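A.B. asks: entry-v3.cif (mmCIF, C-alpha atoms) pasted underneath:
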data_structure
loop_
_atom_site.label_atom_id
_atom_site.label_comp_id
_atom_site.auth_asym_id
_atom_site.auth_seq_id
_atom_site.Cartn_x
_atom_site.Cartn_y
_atom_site.Cartn_z
CA LEU A 1 3.02 -12.24 -13.88
CA ILE A 2 2.10 -13.44 -17.33
CA LEU A 3 -1.32 -14.53 -18.49
CA VAL A 4 -0.76 -16.68 -21.57
CA PRO A 5 -3.96 -18.01 -23.18
CA SER A 6 -4.01 -21.58 -24.41
CA PHE A 7 -5.68 -22.79 -27.59
CA GLN A 8 -8.05 -24.92 -25.55
CA MET A 9 -9.12 -21.90 -23.58
CA LEU A 10 -10.21 -20.13 -26.77
CA GLN A 11 -12.37 -22.92 -28.19
CA PRO A 12 -16.11 -22.11 -28.17
CA GLN A 13 -17.35 -25.66 -27.73
CA ILE A 14 -17.91 -26.99 -24.21
CA ASP A 15 -16.46 -30.34 -23.21
CA GLY A 16 -15.11 -31.92 -20.05
CA GLY A 17 -11.43 -31.68 -21.00
CA GLY A 18 -11.70 -28.07 -22.17
CA MET A 19 -13.52 -27.02 -19.01
CA LYS A 20 -10.93 -28.74 -16.84
CA ALA A 21 -8.10 -26.99 -18.68
CA ASP A 22 -9.92 -23.67 -18.28
CA MET A 23 -10.26 -24.15 -14.56
CA TRP A 24 -6.58 -24.98 -14.07
CA ILE A 25 -5.43 -22.04 -16.21
CA VAL A 26 -7.60 -19.59 -14.28
CA VAL A 27 -6.47 -21.05 -10.94
CA LEU A 28 -2.79 -20.80 -11.90
CA ASN A 29 -3.23 -17.23 -13.09
CA PHE A 30 -5.11 -16.46 -9.89
CA LEU A 31 -2.33 -17.85 -7.69
CA ALA A 32 0.35 -16.01 -9.68
CA HIS A 33 -1.32 -12.65 -9.18
CA TRP A 34 -2.34 -13.32 -5.58
CA THR A 35 1.32 -13.25 -4.50
CA LEU A 36 1.45 -9.48 -5.09
CA THR A 37 -1.86 -8.68 -3.43
CA ASP A 38 -0.35 -7.49 -0.13
CA ALA A 39 2.28 -5.37 -1.84
CA GLN A 40 -0.18 -3.64 -4.15
CA MET A 41 -3.16 -3.20 -1.85
CA GLU A 42 -1.36 -0.60 0.22
CA VAL A 43 -0.97 -2.71 3.30
CA ASP A 44 0.35 -1.25 6.52
CA GLY A 45 3.94 -0.19 6.10
CA PRO A 46 5.65 3.18 5.88
CA LEU A 47 3.76 5.99 7.55
CA SER A 48 2.64 9.10 5.75
CA ALA A 49 3.89 12.45 7.04
CA GLN A 50 0.48 13.21 8.55
CA GLU A 51 0.27 9.84 10.31
CA GLN A 52 3.76 10.32 11.73
CA MET A 53 2.86 13.80 13.00
CA ILE A 54 -0.29 12.54 14.69
CA ILE A 55 1.69 9.82 16.49
CA LEU A 56 4.31 12.33 17.61
CA TYR A 57 1.67 14.73 18.83
CA ASP A 58 0.06 11.98 20.94
CA ILE A 59 3.45 11.02 22.39
CA LYS A 60 4.16 14.67 23.18
CA ARG A 61 0.85 15.10 25.04
CA GLN A 62 1.46 11.90 26.99
CA CYS A 63 4.94 13.13 27.93
CA GLN A 64 3.65 16.52 29.04
CA HIS A 65 0.98 14.82 31.14
CA ASN A 66 3.59 12.64 32.82
CA LEU A 67 5.84 15.62 33.44
CA SER A 68 3.01 17.53 35.08
CA ASN A 69 2.63 14.67 37.56
CA THR A 70 6.37 14.50 38.30
CA ASP A 71 7.56 15.17 41.83
CA THR A 72 9.24 18.59 41.68
CA GLU A 73 11.02 18.22 45.05
CA ALA A 74 13.59 15.83 43.56
CA THR A 75 14.80 18.20 40.84
CA ASP A 76 17.47 20.06 42.80
CA GLU A 77 20.51 17.91 42.05
CA THR A 78 19.37 16.04 38.93
CA CYS A 79 18.76 17.04 35.33
CA PRO A 80 15.00 17.57 34.87
CA PRO A 81 12.91 15.32 32.62
CA GLU A 82 11.72 17.04 29.45
CA TRP A 83 10.37 16.67 25.92
CA ASP A 84 12.91 17.53 23.20
CA GLY A 85 10.63 17.17 20.18
CA LEU A 86 11.20 13.45 19.67
CA ILE A 87 11.84 11.79 23.03
CA CYS A 88 10.47 12.21 26.54
CA TRP A 89 13.72 12.23 28.51
CA PRO A 90 13.81 10.92 32.11
CA ARG A 91 15.79 12.47 34.93
CA GLY A 92 19.52 12.51 34.47
CA SER A 93 22.10 11.79 37.17
CA PRO A 94 24.77 14.52 37.54
CA GLY A 95 28.04 13.73 35.78
CA LEU A 96 26.63 10.68 33.97
CA LEU A 97 25.52 9.84 30.44
CA THR A 98 21.78 9.23 30.07
CA LYS A 99 20.78 6.61 27.50
CA VAL A 100 17.30 5.86 26.16
CA PRO A 101 16.21 3.56 23.28
CA CYS A 102 15.59 5.15 19.90
CA PRO A 103 11.85 5.83 19.70
CA SER A 104 9.93 3.03 18.02
CA TYR A 105 7.23 5.48 16.89
CA ILE A 106 9.65 7.10 14.40
CA TYR A 107 9.33 4.73 11.44
CA ASP A 108 12.71 5.38 9.76
CA PHE A 109 14.81 5.22 12.94
CA ASN A 110 17.07 2.34 13.91
CA HIS A 111 14.98 0.90 16.71
CA LYS A 112 17.88 -1.15 18.09
CA GLY A 113 20.03 1.90 18.81
CA HIS A 114 20.04 4.47 21.60
CA ALA A 115 20.01 8.24 22.01
CA TYR A 116 22.34 9.90 24.51
CA ARG A 117 22.47 13.03 26.67
CA THR A 118 24.99 14.21 29.24
CA CYS A 119 23.95 15.56 32.62
CA ASP A 120 26.69 17.82 34.00
CA VAL A 121 27.73 18.03 37.64
CA ASN A 122 25.56 21.10 38.17
CA GLY A 123 22.37 19.18 37.47
CA SER A 124 21.66 20.62 34.00
CA TRP A 125 21.78 19.07 30.56
CA ALA A 126 24.97 19.70 28.60
CA LEU A 127 24.61 22.36 25.89
CA LEU A 128 26.05 22.83 22.44
CA GLU A 129 28.26 25.89 22.82
CA ASP A 130 27.68 27.36 19.38
CA TRP A 131 23.92 26.77 19.35
CA ASN A 132 23.01 27.25 23.01
CA LYS A 133 20.79 24.16 22.80
CA THR A 134 20.76 20.90 24.71
CA TRP A 135 23.17 18.37 23.21
CA THR A 136 21.57 15.09 22.16
CA ASN A 137 23.32 12.32 20.25
CA TYR A 138 20.91 10.65 17.81
CA SER A 139 23.64 9.14 15.61
CA GLU A 140 22.61 5.53 16.34
CA CYS A 141 18.95 6.31 15.67
CA TRP A 142 19.33 7.72 12.19
CA ARG A 143 21.84 5.15 11.00
CA PHE A 144 19.27 4.00 8.42
CA LEU A 145 19.14 7.53 7.03
CA HIS A 146 22.83 7.64 6.17
CA HIS A 147 23.99 7.94 2.57
CA ASN A 148 25.18 4.32 2.17
CA TYR A 149 21.87 2.94 3.37
CA GLU A 150 19.93 5.20 1.04
CA GLU A 151 22.07 4.09 -1.90
CA GLU A 152 21.49 0.40 -1.15
CA ARG A 153 17.80 1.03 -0.63
CA GLN A 154 17.54 2.88 -3.94
CA GLN A 155 19.39 0.13 -5.79
CA PHE A 156 17.04 -2.49 -4.36
CA PHE A 157 13.93 -0.60 -5.45
CA ASP A 158 15.44 0.10 -8.87
CA ARG A 159 15.94 -3.64 -9.41
CA LEU A 160 12.46 -4.40 -8.11
CA TYR A 161 10.97 -1.74 -10.41
CA PHE A 162 12.79 -3.23 -13.41
CA ILE A 163 11.61 -6.77 -12.64
CA TYR A 164 7.93 -5.99 -12.26
CA THR A 165 7.97 -3.51 -15.16
CA VAL A 166 9.28 -6.23 -17.49
CA GLY A 167 6.80 -8.74 -16.04
CA TYR A 168 3.77 -6.48 -16.49
CA ALA A 169 4.93 -5.42 -19.96
CA VAL A 170 5.18 -9.06 -21.11
CA SER A 171 1.82 -9.81 -19.49
CA PHE A 172 0.21 -6.82 -21.22
CA SER A 173 1.62 -7.86 -24.62
CA SER A 174 0.53 -11.49 -24.23
CA LEU A 175 -2.99 -10.51 -23.26
CA MET A 176 -3.21 -8.08 -26.16
CA VAL A 177 -2.32 -10.88 -28.58
CA ALA A 178 -4.97 -13.12 -26.98
CA ILE A 179 -7.66 -10.44 -27.35
CA LEU A 180 -6.74 -9.85 -31.00
CA ILE A 181 -6.96 -13.59 -31.72
CA ILE A 182 -10.37 -13.92 -30.08
CA GLY A 183 -11.64 -10.82 -31.84
CA TYR A 184 -10.34 -11.80 -35.27
CA PHE A 185 -11.68 -15.35 -35.53
CA ARG A 186 -15.47 -15.29 -35.53
CA ARG A 187 -15.75 -18.95 -34.56
CA LEU A 188 -14.18 -18.03 -31.23
CA HIS A 189 -16.99 -15.59 -30.45
CA CYS A 190 -18.96 -17.04 -27.56
CA THR A 191 -19.92 -16.13 -24.02
CA ARG A 192 -17.03 -18.05 -22.48
CA ASN A 193 -14.44 -16.22 -24.58
CA TYR A 194 -16.16 -12.88 -23.99
CA ILE A 195 -15.65 -13.46 -20.27
CA HIS A 196 -12.01 -14.33 -20.95
CA MET A 197 -11.63 -11.05 -22.82
CA HIS A 198 -13.03 -9.05 -19.91
CA LEU A 199 -10.62 -10.83 -17.57
CA PHE A 200 -7.70 -10.08 -19.90
CA VAL A 201 -8.71 -6.42 -20.20
CA SER A 202 -8.90 -6.06 -16.40
CA PHE A 203 -5.34 -7.36 -16.05
CA MET A 204 -4.15 -5.07 -18.85
CA LEU A 205 -5.74 -2.04 -17.18
CA ARG A 206 -4.15 -3.05 -13.90
CA ALA A 207 -0.72 -3.10 -15.56
CA VAL A 208 -1.32 0.32 -17.13
CA SER A 209 -2.53 1.75 -13.80
CA ILE A 210 0.63 0.54 -12.08
CA PHE A 211 2.86 2.24 -14.66
CA VAL A 212 0.88 5.48 -14.37
CA LYS A 213 0.79 5.30 -10.56
CA ASP A 214 4.55 4.93 -10.37
CA LYS A 215 5.04 8.08 -12.41
CA VAL A 216 2.30 10.28 -10.97
CA VAL A 217 2.34 9.34 -7.29
CA HIS A 218 6.11 9.40 -6.82
CA SER A 219 6.35 12.82 -8.43
CA SER A 220 3.50 14.29 -6.37
CA ALA A 221 4.05 12.91 -2.86
CA GLY A 222 6.41 14.80 -0.64
CA LEU A 223 7.49 14.80 2.98
CA GLN A 224 8.17 18.49 3.47
CA ASP A 225 5.78 18.62 6.44
CA PHE A 226 7.98 16.18 8.37
CA ASP A 227 10.68 18.86 8.72
CA SER A 228 8.32 20.85 10.91
CA VAL A 229 7.89 17.85 13.20
CA LEU A 230 11.61 17.81 13.90
CA LEU A 231 11.38 21.52 14.75
CA ASP A 232 8.69 20.75 17.33
CA ASN A 233 5.99 22.62 15.43
CA ILE A 234 3.80 19.56 15.15
CA LYS A 235 0.57 21.16 16.40
CA ALA A 236 0.87 24.12 14.07
CA VAL A 237 1.50 21.89 11.07
CA SER A 238 -1.24 19.39 11.82
CA MET A 239 -3.80 22.13 12.30
CA SER A 240 -2.77 24.42 9.43
CA PRO A 241 -4.56 24.27 6.06
CA THR A 242 -2.66 22.75 3.14
CA ASP A 243 -3.14 22.99 -0.61
CA LYS A 244 -4.63 19.60 -1.48
CA SER A 245 -5.51 20.48 -5.06
CA ARG A 246 -2.07 19.39 -6.24
CA TYR A 247 -2.84 15.85 -5.07
CA VAL A 248 -6.08 15.40 -7.05
CA GLY A 249 -4.40 13.74 -10.03
CA CYS A 250 -2.43 11.24 -8.00
CA LYS A 251 -5.47 10.44 -5.84
CA VAL A 252 -7.46 9.56 -8.96
CA THR A 253 -4.53 7.41 -10.14
CA VAL A 254 -4.43 5.46 -6.86
CA LEU A 255 -8.22 5.12 -6.93
CA LEU A 256 -8.14 3.62 -10.43
CA PHE A 257 -5.31 1.28 -9.44
CA ILE A 258 -7.33 -0.10 -6.52
CA TYR A 259 -10.42 -0.41 -8.74
CA PHE A 260 -8.62 -2.38 -11.47
CA LEU A 261 -6.97 -4.53 -8.80
CA ALA A 262 -10.42 -5.39 -7.45
CA THR A 263 -11.82 -6.12 -10.93
CA ASN A 264 -9.07 -8.74 -11.44
CA TYR A 265 -10.39 -10.85 -8.59
CA PHE A 266 -14.05 -10.31 -9.42
CA TRP A 267 -13.54 -11.40 -13.04
CA ILE A 268 -11.76 -14.49 -11.75
CA LEU A 269 -14.87 -15.01 -9.62
CA VAL A 270 -17.01 -14.59 -12.75
CA GLU A 271 -14.92 -17.28 -14.49
CA GLY A 272 -15.73 -19.63 -11.63
CA LEU A 273 -19.42 -18.72 -11.60
CA TYR A 274 -19.70 -19.33 -15.34
CA LEU A 275 -17.98 -22.71 -15.23
CA HIS A 276 -20.12 -23.65 -12.25
CA SER A 277 -23.27 -22.68 -14.15
CA LEU A 278 -22.25 -24.84 -17.12
CA ILE A 279 -21.79 -27.88 -14.91
CA PHE A 280 -24.76 -27.58 -12.57
CA MET A 281 -27.30 -25.30 -14.25
CA ALA A 282 -26.86 -25.95 -17.99
CA PHE A 283 -27.78 -22.44 -19.14
CA ARG A 284 -28.88 -22.43 -22.75
CA SER A 285 -29.04 -18.69 -23.38
CA ASP A 286 -25.55 -17.56 -22.37
CA ASN A 287 -26.02 -14.05 -23.74
CA LYS A 288 -28.84 -13.51 -21.29
CA TYR A 289 -26.44 -13.93 -18.36
CA LEU A 290 -23.43 -12.13 -19.86
CA TRP A 291 -24.70 -8.75 -18.71
CA ALA A 292 -25.12 -10.07 -15.18
CA PHE A 293 -21.50 -11.26 -15.24
CA ILE A 294 -20.38 -7.87 -16.57
CA LEU A 295 -22.22 -6.19 -13.70
CA ILE A 296 -20.42 -8.42 -11.20
CA GLY A 297 -16.99 -8.00 -12.79
CA TRP A 298 -17.01 -4.24 -13.36
CA GLY A 299 -19.93 -2.90 -11.30
CA VAL A 300 -19.51 -4.46 -7.86
CA PRO A 301 -15.86 -3.29 -7.46
CA ALA A 302 -16.90 0.21 -8.51
CA VAL A 303 -19.36 0.37 -5.61
CA PHE A 304 -17.06 -0.54 -2.72
CA VAL A 305 -14.06 1.32 -4.18
CA ALA A 306 -16.24 4.45 -4.43
CA VAL A 307 -17.28 3.98 -0.79
CA TRP A 308 -13.60 3.65 0.17
CA ALA A 309 -12.76 6.87 -1.70
CA ILE A 310 -15.53 8.80 0.07
CA VAL A 311 -14.48 7.55 3.52
CA ARG A 312 -10.80 8.15 2.77
CA ALA A 313 -11.51 11.71 1.62
CA ALA A 314 -13.56 12.41 4.74
CA LEU A 315 -11.36 10.79 7.40
CA ALA A 316 -7.81 10.45 6.04
CA ASP A 317 -7.35 12.85 3.14
CA ALA A 318 -3.54 12.80 3.26
CA ARG A 319 -1.23 13.14 0.28
CA CYS A 320 -2.05 10.76 -2.63
CA TRP A 321 -3.84 8.03 -0.62
CA GLU A 322 -0.91 5.79 -1.55
CA LEU A 323 -0.14 4.76 2.04
CA SER A 324 -2.23 2.90 4.56
CA ALA A 325 -4.87 4.74 6.56
CA GLY A 326 -5.57 2.16 9.24
CA ASN A 327 -8.78 0.14 9.08
CA ILE A 328 -10.20 2.12 6.15
CA LYS A 329 -8.45 -0.29 3.78
CA TRP A 330 -10.79 -3.10 4.83
CA ILE A 331 -13.61 -1.39 2.90
CA TYR A 332 -12.13 -2.75 -0.32
CA GLN A 333 -10.01 -5.59 1.04
CA VAL A 334 -12.90 -7.52 2.62
CA PRO A 335 -14.88 -7.80 -0.67
CA ILE A 336 -11.71 -8.86 -2.49
CA LEU A 337 -10.97 -11.52 0.12
CA MET A 338 -14.56 -12.73 -0.10
CA ALA A 339 -14.22 -13.02 -3.89
CA ILE A 340 -11.02 -15.01 -3.41
CA GLY A 341 -12.70 -17.34 -0.94
CA VAL A 342 -15.71 -17.98 -3.17
CA SER A 343 -13.41 -18.55 -6.17
CA PHE A 344 -11.52 -21.25 -4.27
CA LEU A 345 -14.80 -22.94 -3.35
CA LEU A 346 -15.99 -22.86 -6.95
CA PHE A 347 -12.71 -24.18 -8.37
#
Just give me the structure as structure tokens.
C.D. replies:
Amino acid sequence: LILVPSFQMLQPQIDGGGMKADMWIVVLNFLAHWTLTDAQMEVDGPLSAQEQMIILYDIKRQCQHNLSNTDTEATDETCPPEWDGLICWPRGSPGLLTKVPCPSYIYDFNHKGHAYRTCDVNGSWALLEDWNKTWTNYSECWRFLHHNYEEERQQFFDRLYFIYTVGYAVSFSSLMVAILIIGYFRRLHCTRNYIHMHLFVSFMLRAVSIFVKDKVVHSSAGLQDFDSVLLDNIKAVSMSPTDKSRYVGCKVTVLLFIYFLATNYFWILVEGLYLHSLIFMAFRSDNKYLWAFILIGWGVPAVFVAVWAIVRAALADARCWELSAGNIKWIYQVPILMAIGVSFLLF
């Protein structure tokens, strides 16, 4: 993800060839950064601990409702249906093994496996002798949680982290050199290059925000609450107050990351608007319109990102805001997609 300025792009004079080169460079840079949009805009993926607890609580209530409507006359010789904290078990036939699919609502489970229980000949679920609890075999379900899988998963993310760290570092360095060149040579000072500088700065700030987010968010976010779900204390956990002050720093980090991400696409839009104005409107006083472009590039993203932060804090104030919160993400994704669409039309 490297933005490398060309000499043509830095020339202050306006001509057909230079403008065409500018348009292609911006488009190529735009396409290169668009490939990571889904990964960095916190699209739906892993669930937060709070989201997982809410899903489990809904499944538990549905199970209890179904059990309350179950015919009690047929429970004499069969193992009764029940909720074990993760699965709503059906009736079991005496002397047989009962098998149900691993629950799809547990994100980290192997959804192709099965969980097992044994119904003894007396019509009761088999117990663990030492624990005096119902025996349930979840070994196929948590296959993804085994040590070997975690090692492979960690190695994959370590390699991915190295690749994008090197990429963003090279991009940051290249853009810094471009800004120094534009700033040093006075003959390169013009509205077009000022817009280029704002675009470069937005990409540099995005790179810095990613580095900071990786350090701050990953050290702040935890899943301790999920242990209580497995102990069937989901209602108590979801309703109990938690200390959210420790997440303030990482929330601000995620907020700034989303803001700088949005400014990237709005400064690309500004590039298109400026080139379009040169071709069709022939502005003579470029400085007069520079402040309007600055307002679009930095101000508009600040508005809808602030709205997203307010809504997120009011409706889904969980952890560091680093994971998806349903449809709330469209508050900032729709304006970004609109900017992308308009940019394509302009280019």
A.B. asks: Restricting the calculation to only C-alpha atoms: of A:Leu205, A:Leu346, A:Pro94, A:His65, which residue gets closest to Leu175 (chain A)?
C.D. replies: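 Under the stated criterion, the closest residue is A:Leu205.
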A.B. asks: From the options A:Val305, A:Leu96, A:Leu188, A:Val254, which residue's atoms come nearest to Leu323 (chain A), counting only C-alpha atoms?
C.D. replies: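 Ranking A:Val305, A:Leu96, A:Leu188, A:Val254 by distance to Leu323 (chain A), first place goes to A:Val254.
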A.B. asks: Suppose a student applies the PyMOL selection byres ((chain A and resi 321) around 10) to this structure; what residues should they get, written as a list in words?
C.D. replies: Glu42, Ser48, Val217, Ala221, Tyr247, Cys250, Lys251, Val252, Thr253, Val254, Leu255, Ala309, Arg312, Ala313, Ala316, Asp317, Ala318, Arg319, Cys320, Glu322, Leu323, Ser324 and Ala325 of chain A
A.B. asks: Which neighbours of Val270 (chain A) fall inside 10 Å, counting all atoms listed in the file, when residues of the same chain fewer than 6 positions from it are skipped, and could you give them as a PyMOL selection string?
C.D. replies: chain A and resi 195-196+198-199+264+276+290+292-297+339+343
A.B. asks: If you measure from CA of Gly123 (chain A) to CA of Pro80 (chain A), what distance in Å do you get, rounded to one decimal?
C.D. replies: 8.0 Å
A.B. asks: Edge lengths and centre in Å to one decimal, as lines of an AutoDock Vina configuration file, of the axis-aligned box that encloses all listed atoms of region 261-266 of chain A with 8 Å added on every side?
C.D. replies:
center_x = -10.5
center_y = -7.7
center_z = -9.4
size_x = 23.1
size_y = 22.3
size_z = 20.0
A.B. asks: With distances taken over all atoms listed in the file, which residue among A:Ile258, A:Ser124, A:Trp267, A:Ser277 lies nearest Lys329 (chain A)?
C.D. replies: A:Ile258
A.B. asks: Which one of A:Tyr259, A:Phe203, A:Tyr161, A:Tyr168 sits closest to Lys215 (chain A) if you count only C-alpha atoms?
C.D. replies: A:Tyr161
A.B. asks: Which of these residues is nearest to Val100 (chain A), using only C-alpha atoms: A:Ser202, A:Thr136, A:Ser174, A:Gln333?
C.D. replies: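 Closest to Val100 (chain A), using only C-alpha atoms: A:Thr136.
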A.B. asks: Need the shell around Leu67 (chain A): protein/DNA/RNA residues with any atom at most 12 Å away, counting all atoms listed in the file. Skip same-chain ones fewer than 3 positions apart. Format as a list in words?
C.D. replies: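 Using all atoms listed in the file, the neighbours found are Lys60, Arg61, Gln62, Cys63, Gln64, Thr70, Asp71, Thr72, Thr75, Pro80, Pro81, Glu82, Trp83, Cys88, Trp89, Pro90 and Arg91 of chain A.
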A.B. asks: Mind giving me the straight-line distance from CA of Glu151 (chain A) to CA of Trp135 (chain A) in Å, one decimal?
C.D. replies: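 Pair CA of Glu151 (chain A) / CA of Trp135 (chain A) returns 28.9 Å.
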A.B. asks: Have a look at A:Met53, A:Val201, A:Cys141, A:Ile328 and name the one nearest to Ser173 (chain A); count all atoms listed in the file.
C.D. replies: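 Answer, going by the shortest atom-to-atom distance: A:Val201.
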A.B. asks: Pull out every residue that the PyMOL selection byres ((chain A and resi 106-117) around 6) matches in the shown coordinates and put them as number ranges by chain.
C.D. replies: A: 97-105, 118, 136-138, 140-142
A.B. asks: Which polymer residues, whether protein, DNA or RNA, lie within 12 Å of the coordinate (-18.5, 0.9, -1.5) when you count only C-alpha atoms? List them as a list in words, using the chain letters and numbers from the file.
C.D. replies: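 Result, sorted by chain then residue number: Tyr259, Ala262, Gly299, Val300, Pro301, Ala302, Val303, Phe304, Val305, Ala306, Val307, Trp308, Ala309, Ile310, Val311, Arg312, Ile328, Lys329, Trp330, Ile331, Tyr332, Gln333, Val334, Pro335 and Ile336 of chain A.
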